[in-house]
>>> print(open('input15.csv').read())   # CSV, C-alpha atoms and all ligand atoms
chain,number,residue,atom,x,y,z
A,1,MET,CA,-2.8,-24.6,-22.8
A,2,SER,CA,-4.0,-22.6,-19.8
A,3,GLU,CA,-5.3,-19.1,-20.5
A,4,GLN,CA,-2.9,-16.3,-19.9
A,5,LYS,CA,-3.5,-14.8,-16.5
A,6,LYS,CA,-4.5,-11.1,-16.3
A,7,VAL,CA,-1.8,-8.9,-14.8
A,8,VAL,CA,-2.0,-6.9,-11.6
A,9,LEU,CA,0.5,-4.3,-10.4
A,10,SER,CA,0.7,-2.6,-7.1
A,11,GLY,CA,3.4,-1.1,-4.9
A,12,VAL,CA,4.4,0.3,-1.5
A,13,ARG,CA,6.8,3.1,-0.7
A,14,PRO,CA,9.4,1.7,1.7
A,15,THR,CA,9.3,4.6,4.2
A,16,GLY,CA,8.9,2.3,7.2
A,17,PRO,CA,7.4,-1.0,8.3
A,18,GLN,CA,3.8,-1.6,7.3
A,19,HIS,CA,1.0,-0.8,9.7
A,20,LEU,CA,-2.5,-2.2,10.2
A,21,GLY,CA,-4.0,0.3,7.7
A,22,ASN,CA,-1.7,-1.1,5.0
A,23,TYR,CA,-2.7,-4.6,6.0
A,24,VAL,CA,-6.5,-3.9,6.0
A,25,GLY,CA,-6.4,-1.5,3.0
A,26,ALA,CA,-4.0,-3.4,0.7
A,27,LEU,CA,-2.2,-6.5,1.8
A,28,ARG,CA,-5.3,-8.5,2.8
A,29,ASN,CA,-6.6,-7.9,-0.7
A,30,TRP,CA,-3.2,-8.7,-2.3
A,31,LEU,CA,-3.4,-12.2,-0.8
A,32,LYS,CA,-6.6,-12.9,-2.6
A,33,LEU,CA,-5.3,-11.4,-5.9
A,34,GLN,CA,-2.1,-13.5,-5.9
A,35,ALA,CA,-4.4,-16.6,-6.1
A,36,VAL,CA,-6.1,-15.4,-9.2
A,37,TYR,CA,-3.9,-13.1,-11.2
A,38,ARG,CA,-0.3,-12.7,-12.3
A,39,CYS,CA,0.7,-10.2,-9.6
A,40,PHE,CA,3.7,-7.9,-9.6
A,41,TYR,CA,4.1,-6.3,-6.1
A,42,ALA,CA,6.8,-3.6,-6.1
A,43,ILE,CA,8.7,-2.0,-3.3
A,44,VAL,CA,8.9,1.4,-4.9
A,45,ASP,CA,12.0,2.8,-3.4
A,46,TRP,CA,12.4,5.5,-6.1
A,47,HIS,CA,9.0,6.7,-5.1
A,48,ALA,CA,10.1,6.8,-1.5
A,49,LEU,CA,13.0,9.0,-2.6
A,50,SER,CA,10.6,11.6,-3.9
A,51,SER,CA,9.8,12.6,-0.4
A,52,GLU,CA,12.8,11.2,1.5
A,53,TYR,CA,15.7,12.4,-0.7
A,54,MET,CA,17.2,14.4,2.3
A,55,ASN,CA,17.3,11.1,4.3
A,56,SER,CA,17.7,8.4,1.8
A,57,LYS,CA,19.9,5.9,3.8
A,58,PRO,CA,17.0,4.2,5.7
A,59,ILE,CA,15.2,3.4,2.5
A,60,LYS,CA,17.2,0.2,2.0
A,61,ASP,CA,16.5,-1.1,5.6
A,62,ASN,CA,12.9,-0.2,5.1
A,63,THR,CA,12.8,-2.2,1.9
A,64,LEU,CA,13.7,-5.3,4.0
A,65,GLU,CA,11.1,-4.3,6.6
A,66,VAL,CA,8.4,-4.1,4.0
A,67,ALA,CA,9.5,-7.5,2.4
A,68,LEU,CA,9.4,-9.1,5.9
A,69,ASP,CA,5.8,-7.7,6.4
A,70,TRP,CA,4.7,-9.0,3.0
A,71,LEU,CA,6.2,-12.5,3.7
A,72,GLY,CA,4.7,-12.4,7.2
A,73,VAL,CA,1.2,-11.7,6.0
A,74,GLY,CA,1.5,-14.6,3.6
A,75,LEU,CA,2.4,-13.2,0.2
A,76,ASP,CA,4.0,-16.1,-1.5
A,77,PRO,CA,6.9,-15.6,-3.9
A,78,THR,CA,5.9,-18.7,-5.8
A,79,LYS,CA,2.5,-17.1,-6.5
A,80,CYS,CA,3.5,-13.5,-7.1
A,81,VAL,CA,6.5,-11.4,-8.2
A,82,MET,CA,7.8,-9.4,-5.2
A,83,PHE,CA,10.5,-7.0,-6.4
A,84,VAL,CA,12.4,-3.8,-5.8
A,85,GLN,CA,11.6,-1.0,-8.3
A,86,SER,CA,15.2,0.5,-8.5
A,87,GLU,CA,16.5,-3.0,-9.4
A,88,VAL,CA,14.6,-2.8,-12.6
A,89,LYS,CA,16.2,0.1,-14.4
A,90,GLU,CA,13.7,-0.1,-17.2
A,91,HIS,CA,11.2,1.7,-15.0
A,92,ALA,CA,13.4,4.8,-15.2
A,93,GLU,CA,13.8,4.6,-18.9
A,94,LEU,CA,10.1,4.3,-19.5
A,95,HIS,CA,9.5,7.1,-17.0
A,96,LEU,CA,11.8,9.4,-19.0
A,97,ILE,CA,10.0,8.5,-22.3
A,98,LEU,CA,6.5,9.0,-20.8
A,99,SER,CA,7.6,12.3,-19.3
A,100,MET,CA,8.3,13.6,-22.8
A,101,VAL,CA,4.6,13.2,-23.8
A,102,THR,CA,2.9,14.2,-20.5
A,103,PRO,CA,1.6,17.7,-20.5
A,104,LEU,CA,2.5,19.6,-17.3
A,105,PRO,CA,-1.0,20.7,-16.4
A,106,TRP,CA,-2.1,17.0,-16.2
A,107,LEU,CA,0.4,16.6,-13.3
A,108,GLU,CA,-0.5,19.9,-11.6
A,109,ARG,CA,-4.1,19.0,-11.3
A,110,VAL,CA,-3.6,15.5,-9.7
A,111,PRO,CA,-5.5,15.9,-6.4
A,112,THR,CA,-3.1,14.0,-4.3
A,113,TYR,CA,-0.2,16.3,-5.4
A,114,LYS,CA,-1.4,19.2,-3.3
A,115,GLU,CA,-2.8,17.0,-0.5
A,116,MET,CA,0.6,15.3,0.0
A,117,GLN,CA,2.4,18.6,0.0
A,118,GLN,CA,0.0,19.7,2.7
A,119,GLU,CA,0.4,16.5,4.7
A,120,LEU,CA,4.2,16.4,4.5
A,121,GLN,CA,4.8,20.0,5.3
A,122,ASP,CA,8.1,19.2,7.0
A,123,LYS,CA,9.5,18.1,3.6
A,124,ASP,CA,10.3,20.3,0.7
A,125,LEU,CA,8.3,18.7,-2.1
A,126,ASN,CA,8.7,21.5,-4.6
A,127,THR,CA,10.7,19.3,-6.8
A,128,TYR,CA,10.6,18.0,-10.4
A,129,GLY,CA,10.7,14.4,-9.1
A,130,PHE,CA,7.7,14.9,-6.8
A,131,LEU,CA,5.6,16.5,-9.6
A,132,GLY,CA,6.6,13.7,-11.9
A,133,TYR,CA,5.6,11.0,-9.4
A,134,PRO,CA,2.5,10.0,-11.3
A,135,VAL,CA,4.5,9.6,-14.5
A,136,LEU,CA,6.8,7.2,-12.8
A,137,GLN,CA,3.8,5.4,-11.4
A,138,ALA,CA,2.4,5.2,-15.0
A,139,ALA,CA,5.7,3.6,-16.1
A,140,ASP,CA,5.5,1.1,-13.2
A,141,ILE,CA,2.1,0.0,-14.3
A,142,VAL,CA,2.4,-0.1,-18.1
A,143,ILE,CA,5.9,-1.7,-18.2
A,144,TYR,CA,4.2,-4.9,-17.0
A,145,LYS,CA,1.2,-4.3,-19.3
A,146,ALA,CA,-0.9,-4.5,-16.1
A,147,ASP,CA,-4.6,-5.1,-16.7
A,148,PHE,CA,-5.6,-4.1,-13.2
A,149,VAL,CA,-4.4,-1.8,-10.5
A,150,PRO,CA,-6.0,-2.4,-7.1
A,151,VAL,CA,-6.6,1.0,-5.6
A,152,GLY,CA,-8.9,2.8,-3.2
A,153,GLU,CA,-11.0,5.6,-4.5
A,154,ASP,CA,-8.5,8.3,-3.5
A,155,GLN,CA,-5.9,6.8,-5.8
A,156,ALA,CA,-8.2,6.3,-8.8
A,157,ALA,CA,-7.1,9.6,-10.3
A,158,HIS,CA,-3.6,8.3,-10.7
A,159,VAL,CA,-4.8,5.3,-12.7
A,160,GLU,CA,-6.9,7.6,-14.8
A,161,LEU,CA,-3.8,9.7,-15.5
A,162,THR,CA,-2.0,6.6,-16.5
A,163,ARG,CA,-4.8,5.8,-19.0
A,164,GLU,CA,-4.5,9.3,-20.4
A,165,ILE,CA,-0.7,9.0,-20.8
A,166,VAL,CA,-1.2,5.6,-22.5
A,167,ARG,CA,-3.7,7.1,-25.0
A,168,ARG,CA,-1.4,9.9,-25.8
A,169,PHE,CA,1.6,7.6,-26.2
A,170,ASN,CA,-0.3,5.2,-28.4
A,171,ARG,CA,-1.6,8.1,-30.5
A,172,ILE,CA,1.9,9.4,-31.1
A,173,PHE,CA,4.0,6.2,-31.4
A,174,GLY,CA,1.4,3.5,-32.2
A,175,PRO,CA,-0.5,1.0,-30.1
A,176,VAL,CA,2.0,-0.4,-27.6
A,177,PHE,CA,0.0,-0.3,-24.4
A,178,SER,CA,-3.5,-1.1,-23.4
A,179,GLU,CA,-5.2,1.0,-20.8
A,180,PRO,CA,-5.1,-0.4,-17.3
A,181,GLN,CA,-8.3,-0.7,-15.3
A,182,THR,CA,-8.8,0.2,-11.7
A,183,LEU,CA,-9.7,-2.7,-9.5
A,184,LEU,CA,-11.6,-0.6,-7.0
A,185,THR,CA,-11.1,-2.1,-3.6
A,186,GLU,CA,-13.0,-1.1,-0.5
A,187,VAL,CA,-10.4,0.5,1.7
A,188,PRO,CA,-11.9,0.7,5.1
A,189,ARG,CA,-10.9,3.8,7.0
A,190,LEU,CA,-8.8,2.6,9.9
A,191,ALA,CA,-8.2,5.1,12.7
A,192,GLY,CA,-4.8,5.6,14.3
A,193,THR,CA,-4.2,5.9,18.0
A,194,ASP,CA,-5.0,9.6,17.9
A,195,GLY,CA,-8.3,9.1,16.1
A,196,ARG,CA,-7.1,10.5,12.8
A,197,LYS,CA,-6.6,8.2,9.8
A,198,MET,CA,-3.8,5.7,10.5
A,199,SER,CA,-0.8,7.0,8.6
A,200,LYS,CA,2.9,6.8,8.9
A,201,SER,CA,3.2,10.6,8.6
A,202,PHE,CA,0.9,11.2,11.6
A,203,GLY,CA,2.9,8.9,13.9
A,204,ASN,CA,-0.3,7.2,15.0
A,205,SER,CA,0.2,3.7,13.6
A,206,ILE,CA,0.0,0.3,15.0
A,207,LEU,CA,2.6,-1.8,13.1
A,208,ILE,CA,2.1,-5.3,11.9
A,209,LYS,CA,5.2,-6.3,13.7
A,210,ASP,CA,4.5,-4.5,17.0
A,211,PRO,CA,4.7,-7.0,19.9
A,212,PRO,CA,1.4,-7.7,21.7
A,213,GLU,CA,2.4,-5.6,24.8
A,214,ILE,CA,3.1,-2.6,22.6
A,215,ILE,CA,-0.2,-3.0,20.7
A,216,ARG,CA,-2.0,-3.1,24.1
A,217,GLU,CA,-0.1,0.1,25.2
A,218,LYS,CA,-1.2,1.8,22.0
A,219,VAL,CA,-4.8,0.7,22.0
A,220,MET,CA,-5.8,1.1,25.7
A,221,PRO,CA,-5.4,4.9,25.8
A,222,MET,CA,-7.0,5.4,22.3
A,223,VAL,CA,-9.7,8.1,22.1
A,224,THR,CA,-13.2,6.7,21.9
A,225,ASP,CA,-16.6,8.3,21.2
A,226,THR,CA,-16.5,11.6,23.2
A,227,ARG,CA,-20.2,11.0,24.3
A,228,ARG,CA,-18.9,8.3,26.7
A,229,MET,CA,-17.5,10.6,29.3
A,230,ARG,CA,-18.7,8.3,32.1
A,231,ARG,CA,-19.1,4.5,32.0
A,232,SER,CA,-22.9,5.0,32.3
A,233,ASP,CA,-23.1,7.2,29.2
A,234,PRO,CA,-24.2,5.4,26.0
A,235,GLY,CA,-22.1,5.9,22.9
A,236,GLU,CA,-22.2,5.5,19.2
A,237,PRO,CA,-19.7,3.0,17.6
A,238,ASN,CA,-20.0,4.8,14.2
A,239,ASP,CA,-18.3,7.8,15.8
A,240,CYS,CA,-15.6,5.8,17.6
A,241,PRO,CA,-12.1,5.4,16.2
A,242,VAL,CA,-11.7,2.1,18.1
A,243,PHE,CA,-14.7,0.6,16.3
A,244,THR,CA,-12.9,1.0,13.0
A,245,LEU,CA,-10.5,-1.7,14.3
A,246,HIS,CA,-13.5,-3.8,15.4
A,247,ARG,CA,-14.8,-3.7,11.8
A,248,ALA,CA,-11.5,-4.8,10.5
A,249,PHE,CA,-10.7,-7.6,12.9
A,250,VAL,CA,-13.7,-8.8,15.0
A,251,PRO,CA,-16.2,-11.3,13.7
A,252,LYS,CA,-19.6,-9.7,12.8
A,253,GLU,CA,-21.7,-11.2,15.6
A,254,LYS,CA,-19.1,-10.1,18.2
A,255,GLN,CA,-19.0,-6.6,16.6
A,256,ASP,CA,-22.8,-6.3,16.8
A,257,GLU,CA,-22.7,-7.4,20.4
A,258,ALA,CA,-20.1,-4.8,21.2
A,259,ALA,CA,-22.0,-2.1,19.3
A,260,ARG,CA,-25.2,-2.9,21.3
A,261,GLY,CA,-23.2,-2.8,24.5
A,262,CYS,CA,-21.8,0.6,23.5
A,263,ARG,CA,-25.2,2.1,22.6
A,264,THR,CA,-26.8,0.9,25.8
A,265,ALA,CA,-23.8,1.5,28.1
A,266,GLY,CA,-23.8,-2.2,28.7
A,267,ILE,CA,-20.1,-2.4,28.3
A,268,GLY,CA,-17.3,0.0,29.1
A,269,CYS,CA,-14.7,1.2,26.7
A,270,ARG,CA,-11.9,-0.8,28.4
A,271,GLU,CA,-13.9,-4.0,27.9
A,272,CYS,CA,-14.8,-3.1,24.4
A,273,LYS,CA,-11.1,-2.5,23.6
A,274,ALA,CA,-10.1,-5.8,25.2
A,275,ILE,CA,-12.6,-7.6,22.9
A,276,MET,CA,-11.1,-6.0,19.8
A,277,LEU,CA,-7.5,-6.6,21.1
A,278,GLU,CA,-8.2,-10.3,21.5
A,279,TYR,CA,-9.2,-10.7,17.9
A,280,LEU,CA,-6.5,-8.4,16.6
A,281,LEU,CA,-3.7,-10.2,18.4
A,282,ARG,CA,-5.2,-13.6,17.2
A,283,THR,CA,-5.0,-12.3,13.6
A,284,LEU,CA,-1.4,-11.1,14.0
A,285,GLU,CA,0.0,-14.1,15.9
A,286,PRO,CA,0.7,-16.3,12.8
A,287,ILE,CA,1.8,-13.3,10.8
A,288,GLN,CA,4.3,-12.3,13.4
A,289,GLU,CA,5.5,-15.9,13.8
A,290,ARG,CA,6.2,-16.2,10.1
A,291,ARG,CA,7.8,-12.8,10.1
A,292,ARG,CA,10.2,-13.8,12.9
A,293,GLU,CA,11.3,-16.9,10.9
A,294,TYR,CA,12.3,-14.7,8.0
A,295,GLU,CA,13.9,-12.1,10.2
A,296,LYS,CA,16.4,-14.7,11.3
A,297,ASP,CA,17.6,-15.0,7.8
A,298,PRO,CA,17.7,-11.6,5.9
A,299,GLY,CA,19.8,-13.2,3.2
A,300,ARG,CA,16.9,-15.5,2.3
A,301,VAL,CA,14.6,-12.4,2.0
A,302,TRP,CA,17.0,-10.6,-0.2
A,303,ALA,CA,17.3,-13.7,-2.4
A,304,ILE,CA,13.5,-13.8,-2.7
A,305,LEU,CA,13.6,-10.2,-3.8
A,306,GLU,CA,16.4,-10.8,-6.2
A,307,GLU,CA,14.5,-13.7,-7.8
A,308,GLY,CA,11.5,-11.3,-8.1
A,309,ASN,CA,13.8,-8.6,-9.6
A,310,ARG,CA,14.9,-11.1,-12.3
A,311,LYS,CA,11.3,-12.0,-13.2
A,312,ALA,CA,10.2,-8.4,-13.3
A,313,ARG,CA,13.3,-7.4,-15.4
A,314,ARG,CA,12.4,-10.1,-18.0
A,315,ALA,CA,8.9,-8.7,-18.4
A,316,ALA,CA,10.0,-5.1,-18.4
A,317,GLN,CA,12.8,-5.7,-20.9
A,318,ALA,CA,10.3,-7.3,-23.3
A,319,THR,CA,8.1,-4.2,-23.1
A,320,MET,CA,11.0,-1.8,-23.5
A,321,ALA,CA,12.0,-3.6,-26.7
A,322,GLU,CA,8.5,-2.8,-28.1
A,323,VAL,CA,8.7,0.8,-26.9
A,324,ARG,CA,12.0,1.5,-28.5
A,325,ALA,CA,10.9,-0.1,-31.7
A,326,ALA,CA,7.7,2.1,-31.7
A,327,LEU,CA,10.0,5.2,-31.2
A,328,GLY,CA,12.2,4.1,-34.1
A,329,PHE,CA,15.2,3.8,-31.8
B,1,LIG,S1,-17.7,1.1,23.9
B,1,LIG,FE1,-16.4,0.5,22.2
B,1,LIG,S2,-17.3,1.4,20.4
B,1,LIG,FE2,-18.3,2.4,22.2
B,1,LIG,S3,-17.1,4.3,22.5
B,1,LIG,FE3,-16.2,2.7,23.8
B,1,LIG,S4,-14.5,1.8,22.6
B,1,LIG,FE4,-15.9,2.9,21.2
>>> encode(input="input15.csv", output="structure tokens")
Amino acid sequence: MSEQKKVVLSGVRPTGPQHLGNYVGALRNWLKLQAVYRCFYAIVDWHALSSEYMNSKPIKDNTLEVALDWLGVGLDPTKCVMFVQSEVKEHAELHLILSMVTPLPWLERVPTYKEMQQELQDKDLNTYGFLGYPVLQAADIVIYKADFVPVGEDQAAHVELTREIVRRFNRIFGPVFSEPQTLLTEVPRLAGTDGRKMSKSFGNSILIKDPPEIIREKVMPMVTDTRRMRRSDPGEPNDCPVFTLHRAFVPKEKQDEAARGCRTAGIGCRECKAIMLEYLLRTLEPIQERRREYEKDPGRVWAILEEGNRKARRAAQATMAEVRAALGF
């Protein structure tokens, strides 16, 4: 009999289509993971609700957009479980139970709590749901008894909190859960069109689904190293937002060539951007082609998600039976 595969859990908030930062920081890695582990990839619509509760209607459309992006990049429903969080109600039940044992100060000290409140200042995040976000996240992870959670360093604190909640739950009710480990992934910093980190909330994203002409329109005016005021001024690629895209999409020897050209003023920024664009568009072409095929048949995409929901439900229900027994319910 084949050895039981280790379980991986990760998720995305459906607040809009996925951008290149999501692709480079998560999806590209998920593709590798699906070949090795039993992966549960969740579209976490309840998490989206924690910041989008005043405008909840687009969440469903965005769920489809995210699924299209996932299928486009090559996530394969025969190799991973792609599902929608709110379709597996057991997440909510476990969230409630975990919230009973989670001390409030643990949540108040989560570093991303204050950061996100700062970042999303146009939203009122002074809510119970937003504070409890990491508890729902803990439920998402442990309900599948995930061994690994792929995260960048900035998210590692959430997994640590999950581990603390697990320890407390097990101490009180008995050993139901094992502690998930972080699968620390290098999340390269990808700059957006304004030079800040690429982020949906900054409105500076290049989307996976953007047509080539839109991508070109977004890239060509991008800010570069400010030392290059004139074509003859040498620059420093390490200080250039465009070069973060080179690192993500351009083969190493071409990158080095462009970097040399930048430092010696051998190439201009337009030329340098054109090199990056060539490789970026080459990467996106098959992805967008696949995405377009699925776009023609949204029913097929919802059916894939529904199949994923069924698989996820089965696993979640088995865990909840154990949890209820441990509680004596
Ligand atoms: S040449 Fe390239 S790396 Fe150098 S500043 Fe211009 S766009 Fe950036």
>>> residues_around(input="input15.csv", residues="Gly261 of chain A", least_positions_apart="5", cutoff="10 Å", atoms="only C-alpha atoms", output="JSON, numbers by chain")
{"A": [234, 235, 236, 237, 255, 256, 266, 267, 268, 269, 271, 272]}
>>> closest_residue(input="input15.csv", among="A:Leu96, A:Ala35, A:Val24, A:Val323", to="Glu186 of chain A", atoms="all atoms listed in the file")
A:Val24
>>> residues_near_ligand(input="input15.csv", ligand="ligand LIG 1 (chain B)", cutoff="10 Å", atoms="all atoms listed in the file", output="PDB file with C-alpha atoms, in the frame of the given file")
ATOM      1  CA  VAL A 219      -4.800   0.700  22.000  1.00  0.00           C
ATOM      2  CA  MET A 220      -5.800   1.100  25.700  1.00  0.00           C
ATOM      3  CA  MET A 222      -7.000   5.400  22.300  1.00  0.00           C
ATOM      4  CA  VAL A 223      -9.700   8.100  22.100  1.00  0.00           C
ATOM      5  CA  THR A 224     -13.200   6.700  21.900  1.00  0.00           C
ATOM      6  CA  ASP A 225     -16.600   8.300  21.200  1.00  0.00           C
ATOM      7  CA  THR A 226     -16.500  11.600  23.200  1.00  0.00           C
ATOM      8  CA  ARG A 227     -20.200  11.000  24.300  1.00  0.00           C
ATOM      9  CA  ARG A 228     -18.900   8.300  26.700  1.00  0.00           C
ATOM     10  CA  MET A 229     -17.500  10.600  29.300  1.00  0.00           C
ATOM     11  CA  ARG A 231     -19.100   4.500  32.000  1.00  0.00           C
ATOM     12  CA  ASP A 233     -23.100   7.200  29.200  1.00  0.00           C
ATOM     13  CA  PRO A 234     -24.200   5.400  26.000  1.00  0.00           C
ATOM     14  CA  GLY A 235     -22.100   5.900  22.900  1.00  0.00           C
ATOM     15  CA  GLU A 236     -22.200   5.500  19.200  1.00  0.00           C
ATOM     16  CA  PRO A 237     -19.700   3.000  17.600  1.00  0.00           C
ATOM     17  CA  ASN A 238     -20.000   4.800  14.200  1.00  0.00           C
ATOM     18  CA  ASP A 239     -18.300   7.800  15.800  1.00  0.00           C
ATOM     19  CA  CYS A 240     -15.600   5.800  17.600  1.00  0.00           C
ATOM     20  CA  PRO A 241     -12.100   5.400  16.200  1.00  0.00           C
ATOM     21  CA  VAL A 242     -11.700   2.100  18.100  1.00  0.00           C
ATOM     22  CA  PHE A 243     -14.700   0.600  16.300  1.00  0.00           C
ATOM     23  CA  THR A 244     -12.900   1.000  13.000  1.00  0.00           C
ATOM     24  CA  LEU A 245     -10.500  -1.700  14.300  1.00  0.00           C
ATOM     25  CA  HIS A 246     -13.500  -3.800  15.400  1.00  0.00           C
ATOM     26  CA  GLN A 255     -19.000  -6.600  16.600  1.00  0.00           C
ATOM     27  CA  ALA A 258     -20.100  -4.800  21.200  1.00  0.00           C
ATOM     28  CA  ALA A 259     -22.000  -2.100  19.300  1.00  0.00           C
ATOM     29  CA  ARG A 260     -25.200  -2.900  21.300  1.00  0.00           C
ATOM     30  CA  GLY A 261     -23.200  -2.800  24.500  1.00  0.00           C
ATOM     31  CA  CYS A 262     -21.800   0.600  23.500  1.00  0.00           C
ATOM     32  CA  ARG A 263     -25.200   2.100  22.600  1.00  0.00           C
ATOM     33  CA  THR A 264     -26.800   0.900  25.800  1.00  0.00           C
ATOM     34  CA  ALA A 265     -23.800   1.500  28.100  1.00  0.00           C
ATOM     35  CA  GLY A 266     -23.800  -2.200  28.700  1.00  0.00           C
ATOM     36  CA  ILE A 267     -20.100  -2.400  28.300  1.00  0.00           C
ATOM     37  CA  GLY A 268     -17.300   0.000  29.100  1.00  0.00           C
ATOM     38  CA  CYS A 269     -14.700   1.200  26.700  1.00  0.00           C
ATOM     39  CA  ARG A 270     -11.900  -0.800  28.400  1.00  0.00           C
ATOM     40  CA  GLU A 271     -13.900  -4.000  27.900  1.00  0.00           C
ATOM     41  CA  CYS A 272     -14.800  -3.100  24.400  1.00  0.00           C
ATOM     42  CA  LYS A 273     -11.100  -2.500  23.600  1.00  0.00           C
ATOM     43  CA  ALA A 274     -10.100  -5.800  25.200  1.00  0.00           C
ATOM     44  CA  ILE A 275     -12.600  -7.600  22.900  1.00  0.00           C
ATOM     45  CA  MET A 276     -11.100  -6.000  19.800  1.00  0.00           C
TER      46      MET A 276
END
>>> closest_atom_pairs(input="input15.csv", of="segment 4-77 of chain A", to="segment 114-134 of chain A", cutoff="9 Å", atoms="only C-alpha atoms", output="tab-separated table")
residue	atom	partner	partner_atom	distance
A:His47	CA	A:Tyr133	CA	7.0
A:Leu49	CA	A:Gly129	CA	8.8
A:Ser50	CA	A:Phe130	CA	5.3
A:Ser51	CA	A:Leu125	CA	6.5
A:Glu52	CA	A:Lys123	CA	7.9
A:Met54	CA	A:Lys123	CA	8.6
>>> residues_around(input="input15.csv", residues="Trp70 of chain A", least_positions_apart="6", cutoff="12 Å", atoms="only C-alpha atoms", output="mmCIF file with C-alpha atoms, keeping the file's coordinate frame")
data_model
loop_
_atom_site.group_PDB
_atom_site.id
_atom_site.type_symbol
_atom_site.label_atom_id
_atom_site.label_comp_id
_atom_site.auth_asym_id
_atom_site.auth_seq_id
_atom_site.Cartn_x
_atom_site.Cartn_y
_atom_site.Cartn_z
ATOM 1 C CA GLY A 11 3.400 -1.100 -4.900
ATOM 2 C CA VAL A 12 4.400 0.300 -1.500
ATOM 3 C CA PRO A 14 9.400 1.700 1.700
ATOM 4 C CA PRO A 17 7.400 -1.000 8.300
ATOM 5 C CA GLN A 18 3.800 -1.600 7.300
ATOM 6 C CA HIS A 19 1.000 -0.800 9.700
ATOM 7 C CA ASN A 22 -1.700 -1.100 5.000
ATOM 8 C CA TYR A 23 -2.700 -4.600 6.000
ATOM 9 C CA ALA A 26 -4.000 -3.400 0.700
ATOM 10 C CA LEU A 27 -2.200 -6.500 1.800
ATOM 11 C CA ARG A 28 -5.300 -8.500 2.800
ATOM 12 C CA ASN A 29 -6.600 -7.900 -0.700
ATOM 13 C CA TRP A 30 -3.200 -8.700 -2.300
ATOM 14 C CA LEU A 31 -3.400 -12.200 -0.800
ATOM 15 C CA TYR A 41 4.100 -6.300 -6.100
ATOM 16 C CA ALA A 42 6.800 -3.600 -6.100
ATOM 17 C CA ILE A 43 8.700 -2.000 -3.300
ATOM 18 C CA THR A 63 12.800 -2.200 1.900
ATOM 19 C CA LEU A 64 13.700 -5.300 4.000
ATOM 20 C CA ASP A 76 4.000 -16.100 -1.500
ATOM 21 C CA PRO A 77 6.900 -15.600 -3.900
ATOM 22 C CA CYS A 80 3.500 -13.500 -7.100
ATOM 23 C CA VAL A 81 6.500 -11.400 -8.200
ATOM 24 C CA MET A 82 7.800 -9.400 -5.200
ATOM 25 C CA PHE A 83 10.500 -7.000 -6.400
ATOM 26 C CA ILE A 208 2.100 -5.300 11.900
ATOM 27 C CA LYS A 209 5.200 -6.300 13.700
ATOM 28 C CA ILE A 287 1.800 -13.300 10.800
ATOM 29 C CA GLN A 288 4.300 -12.300 13.400
ATOM 30 C CA ARG A 290 6.200 -16.200 10.100
ATOM 31 C CA ARG A 291 7.800 -12.800 10.100
ATOM 32 C CA TYR A 294 12.300 -14.700 8.000
ATOM 33 C CA VAL A 301 14.600 -12.400 2.000
ATOM 34 C CA ILE A 304 13.500 -13.800 -2.700
ATOM 35 C CA LEU A 305 13.600 -10.200 -3.800
#
>>> residues_near_point(input="input15.csv", point="(2.4, 1.3, -32.2)", cutoff="9 Å", atoms="all atoms listed in the file", output="NGL selection string")
:A and (169-177 or 322-323 or 325-327)
>>> residues_around(input="input15.csv", residues="segment 85-87 of chain A", least_positions_apart="6", cutoff="12 Å", atoms="only C-alpha atoms", output="ChimeraX atom specification")
/A:9-14,40-49,59-60,63,93,136-137,139-141,143,302,305-314,316
>>> atom_distance(input="input15.csv", atom1="atom CA of Met198 of chain A", atom2="atom CA of Ala146 of chain A")
28.6 Å
>>> closest_residue(input="input15.csv", among="A:Leu184, A:Cys39, A:Val166, A:Leu94", to="Met320 of chain A", atoms="only C-alpha atoms")
A:Leu94
>>> atom_distance(input="input15.csv", atom1="atom CA of Thr162 of chain A", atom2="atom CA of Leu75 of chain A")
26.3 Å
>>> atom_distance(input="input15.csv", atom1="atom CA of Glu289 of chain A", atom2="atom CA of Gly74 of chain A")
11.0 Å
>>> residues_around(input="input15.csv", residues="Asp147 of chain A", least_positions_apart="4", cutoff="9 Å", atoms="only C-alpha atoms", output="list in words")
Lys6, Val7, Val8, Leu9, Ile141, Val142, Ser178, Glu179, Pro180, Gln181 and Thr182 of chain A
>>> closest_residue(input="input15.csv", among="A:Leu107, A:Val151, A:Leu161, A:Ala318", to="Gly25 of chain A", atoms="all atoms listed in the file")
A:Val151
>>> closest_residue(input="input15.csv", among="A:Lys57, A:Lys296, A:Arg216, A:Lys252", to="Leu280 of chain A", atoms="all atoms listed in the file")
A:Arg216
